[in-house]
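A.B. asks: Just final15.cif, nothing more (mmCIF, C-alpha atoms):
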data_input
#
loop_
_atom_site.label_atom_id
_atom_site.label_comp_id
_atom_site.auth_asym_id
_atom_site.auth_seq_id
_atom_site.Cartn_x
_atom_site.Cartn_y
_atom_site.Cartn_z
CA MET M 1426 0.91 -42.90 -76.13
CA HIS M 1427 1.13 -42.03 -72.45
CA ILE M 1428 3.22 -39.40 -70.62
CA SER M 1429 3.68 -39.15 -66.86
CA VAL M 1430 4.50 -35.85 -65.17
CA ILE M 1431 6.39 -35.92 -61.87
CA ASN M 1432 6.67 -32.81 -59.67
CA GLY M 1433 8.89 -32.60 -56.61
CA PRO M 1434 8.99 -30.60 -53.42
CA ASN M 1435 7.33 -27.23 -53.01
CA LEU M 1436 5.77 -27.25 -56.47
CA ASN M 1437 2.40 -27.56 -54.73
CA LEU M 1438 3.07 -23.97 -53.58
CA LEU M 1439 3.33 -22.51 -57.08
CA GLY M 1440 1.45 -19.25 -57.34
CA GLN M 1441 2.36 -18.24 -53.80
CA ARG M 1442 6.00 -19.30 -53.41
CA GLU M 1443 8.52 -16.69 -54.58
CA PRO M 1444 6.43 -15.41 -57.51
CA SER M 1445 9.37 -13.33 -58.73
CA VAL M 1446 11.25 -16.61 -59.37
CA TYR M 1447 8.49 -19.13 -60.09
CA GLY M 1448 5.64 -16.97 -61.38
CA VAL M 1449 2.06 -16.67 -60.23
CA GLU M 1450 0.56 -19.66 -62.00
CA THR M 1451 -0.50 -22.62 -59.85
CA LEU M 1452 0.49 -26.23 -60.46
CA GLU M 1453 -3.18 -27.03 -61.07
CA SER M 1454 -3.30 -24.41 -63.83
CA ILE M 1455 -0.15 -25.79 -65.45
CA GLU M 1456 -1.59 -29.31 -65.29
CA ALA M 1457 -4.83 -28.09 -66.90
CA LYS M 1458 -2.86 -26.59 -69.81
CA LEU M 1459 -0.92 -29.84 -70.25
CA LYS M 1460 -4.12 -31.89 -70.10
CA LYS M 1461 -5.70 -29.71 -72.80
CA LYS M 1462 -2.59 -30.00 -74.98
CA SER M 1463 -2.43 -33.77 -74.49
CA ILE M 1464 -6.06 -34.14 -75.63
CA THR M 1465 -5.29 -32.09 -78.74
CA GLU M 1466 -2.28 -34.34 -79.45
CA GLY M 1467 -4.15 -37.59 -78.74
CA VAL M 1468 -1.90 -38.47 -75.82
CA SER M 1469 -2.94 -39.57 -72.34
CA ILE M 1470 -1.25 -37.83 -69.42
CA GLU M 1471 -1.11 -38.22 -65.66
CA PHE M 1472 0.35 -36.12 -62.87
CA PHE M 1473 1.94 -36.66 -59.48
CA GLN M 1474 3.43 -34.24 -56.98
CA SER M 1475 5.03 -34.95 -53.63
CA ASN M 1476 7.34 -33.27 -51.18
CA SER M 1477 8.69 -36.70 -50.23
CA GLU M 1478 11.60 -38.25 -52.10
CA GLY M 1479 10.44 -41.80 -51.35
CA ALA M 1480 6.91 -41.10 -52.62
CA LEU M 1481 8.38 -39.75 -55.87
CA VAL M 1482 10.49 -42.89 -56.31
CA ASP M 1483 7.47 -45.10 -55.57
CA GLN M 1484 5.37 -43.23 -58.13
CA ILE M 1485 8.02 -43.46 -60.84
CA GLN M 1486 8.07 -47.22 -60.25
CA LYS M 1487 4.26 -47.38 -60.53
CA PHE M 1488 4.11 -45.20 -63.63
CA MET M 1489 6.94 -47.02 -65.42
CA LYS M 1490 4.71 -50.07 -65.93
CA HIS M 1491 2.49 -48.21 -68.39
CA THR M 1492 4.06 -44.89 -69.39
CA ASN M 1493 6.03 -44.16 -72.53
CA ALA M 1494 7.96 -41.24 -71.03
CA PHE M 1495 8.34 -38.90 -68.09
CA LEU M 1496 8.44 -35.16 -67.66
CA ILE M 1497 10.11 -34.39 -64.34
CA ASN M 1498 10.51 -31.22 -62.34
CA ALA M 1499 12.27 -32.68 -59.33
CA GLY M 1500 12.68 -29.29 -57.68
CA ALA M 1501 15.49 -29.29 -55.13
CA TYR M 1502 15.86 -33.07 -55.48
CA THR M 1503 17.36 -32.39 -58.92
CA HIS M 1504 20.59 -31.48 -57.18
CA THR M 1505 20.62 -34.10 -54.44
CA SER M 1506 18.68 -37.26 -55.24
CA ILE M 1507 20.55 -40.30 -56.43
CA ALA M 1508 17.38 -42.24 -55.60
CA LEU M 1509 15.34 -40.32 -58.21
CA ARG M 1510 18.13 -40.73 -60.72
CA ASP M 1511 18.21 -44.48 -60.11
CA ALA M 1512 14.41 -44.77 -60.34
CA LEU M 1513 14.36 -42.97 -63.69
CA LEU M 1514 17.22 -45.10 -65.01
CA SER M 1515 15.53 -48.27 -63.76
CA SER M 1516 12.39 -47.36 -65.66
CA SER M 1517 14.28 -47.45 -68.98
CA LYS M 1518 11.86 -44.75 -70.16
CA PRO M 1519 12.96 -41.50 -71.78
CA TYR M 1520 12.49 -38.35 -69.75
CA VAL M 1521 12.83 -34.60 -69.98
CA GLU M 1522 14.06 -32.65 -66.97
CA LEU M 1523 12.36 -29.31 -66.62
CA HIS M 1524 12.47 -26.23 -64.40
CA LEU M 1525 10.46 -23.04 -64.24
CA SER M 1526 13.52 -20.91 -63.55
CA ASN M 1527 16.90 -20.94 -65.25
CA THR M 1528 18.81 -22.94 -62.65
CA PHE M 1529 22.13 -21.86 -64.18
CA ALA M 1530 21.33 -18.21 -63.48
CA ARG M 1531 20.73 -18.94 -59.80
CA GLU M 1532 22.81 -20.09 -56.84
CA GLU M 1533 25.80 -22.24 -57.68
CA PHE M 1534 24.42 -25.32 -55.90
CA ARG M 1535 21.55 -25.32 -58.44
CA HIS M 1536 23.97 -25.61 -61.37
CA LYS M 1537 24.51 -29.36 -60.89
CA SER M 1538 21.77 -31.79 -61.87
CA LEU M 1539 21.94 -35.48 -61.02
CA LEU M 1540 19.29 -36.17 -63.68
CA ALA M 1541 20.32 -34.17 -66.76
CA ASP M 1542 23.05 -36.41 -68.16
CA ASN M 1543 20.56 -39.22 -68.87
CA ALA M 1544 17.65 -37.03 -69.93
CA VAL M 1545 16.50 -36.77 -73.54
CA GLY M 1546 16.47 -33.02 -72.98
CA LEU M 1547 16.43 -30.21 -70.45
CA VAL M 1548 14.06 -27.23 -70.47
CA SER M 1549 14.50 -24.40 -67.98
CA GLY M 1550 13.86 -20.74 -67.56
CA PHE M 1551 10.57 -20.34 -69.41
CA GLY M 1552 8.28 -20.28 -66.40
CA SER M 1553 5.15 -22.37 -66.75
CA ASN M 1554 5.84 -22.64 -70.49
CA SER M 1555 8.75 -24.93 -69.59
CA TYR M 1556 6.14 -27.67 -69.10
CA LEU M 1557 4.60 -27.12 -72.53
CA LEU M 1558 8.01 -27.01 -74.20
CA ALA M 1559 9.07 -30.19 -72.40
CA PHE M 1560 5.83 -31.86 -73.50
CA ASP M 1561 6.46 -30.87 -77.12
CA GLY M 1562 10.03 -32.13 -76.86
CA ILE M 1563 9.22 -35.55 -75.43
CA LEU M 1564 6.31 -36.00 -77.81
CA SER M 1565 8.53 -35.24 -80.79
CA TYR M 1566 11.14 -37.64 -79.43
CA LEU M 1567 8.59 -40.44 -78.97
CA ARG M 1568 7.09 -39.96 -82.40
CA ASN M 1569 10.53 -40.00 -84.02
CA GLU M 1570 11.47 -43.16 -82.11
CA ASN M 1571 8.22 -44.84 -83.16
CA SER M 1572 8.81 -43.99 -86.82
CA LYS M 1573 12.22 -45.70 -86.93
#
Starting from the file, lay out its structure as structure tokens.
C.D. replies:
Amino acid sequence: MHISVINGPNLNLLGQREPSVYGVETLESIEAKLKKKSITEGVSIEFFQSNSEGALVDQIQKFMKHTNAFLINAGAYTHTSIALRDALLSSSKPYVELHLSNTFAREEFRHKSLLADNAVGLVSGFGSNSYLLAFDGILSYLRNENSK
């Protein structure tokens, strides 16, 4: 089983960007925790981060050839990117949308997601643990699908 993790704009600044909102943990630290968890679960995992919408679309298209599912924190593109939505839908792979902060407790423009309605699930508001919870969720989903 293989899971691909996509991270959008400004997530490369985790640990220094608005720590009161996003916490002090770096993206590299979060990825290390996911890698460790994936090894324990017998799942391969890969990561990609970009501040560029087009690069994110390109990477989804590359990953879709061999991945079973996506975890995506699209950052601000969650609320604006039809291109990311279309790329995920074109992949025909299940995905979980995730966010470090509770987007519904923030500015109104963050309340609308262009990705959530087609996602298997949505995890937000648990800081860096949102990634681990999203991983558990997609893994459970995949295992249930495979047992049918």
A.B. asks: For this structure, which residues satisfy the selection - the PyMOL selection byres ((chain M and resi 1553) around 9) - when it is evaluated on the file as given? I want them as a ChimeraX atom specification.
C.D. replies: /M:1447-1448,1450-1452,1455,1524-1525,1550-1552,1554-1557
A.B. asks: Between M:Leu1567, M:Leu1539, M:Leu1547, M:Ala1508, which one has atoms that come closest to Ile1428 (chain M), using all atoms listed in the file?
C.D. replies: M:Leu1567
A.B. asks: In Å, how far is it from CA of Leu1558 (chain M) to CA of Ile1507 (chain M)?
C.D. replies: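 The value is 25.5 Å.
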A.B. asks: Between M:Leu1564, M:Ile1485, M:Ala1559, M:Leu1509, single out the one closest to Leu1523 (chain M), counting all atoms listed in the file.
C.D. replies: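 Among the listed residues, the smallest separation from Leu1523 (chain M) belongs to M:Ala1559.
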A.B. asks: For a cut-off of 6 Å around (10.0, -43.5, -67.3), file coordinates, pick out all residues using only C-alpha atoms and list them as number ranges by chain.
C.D. replies: M: 1489, 1494-1495, 1513, 1516, 1518-1519
A.B. asks: May I have the residues within 9 Å of His1491 (chain M) as a ChimeraX atom specification, using all atoms listed in the file and disregarding those fewer than 3 positions away in the same chain?
C.D. replies: /M:1427,1487-1488
A.B. asks: What is the distance between CA of Glu1570 (chain M) and CA of Leu1496 (chain M), in Å to one decimal?
C.D. replies: 16.8 Å
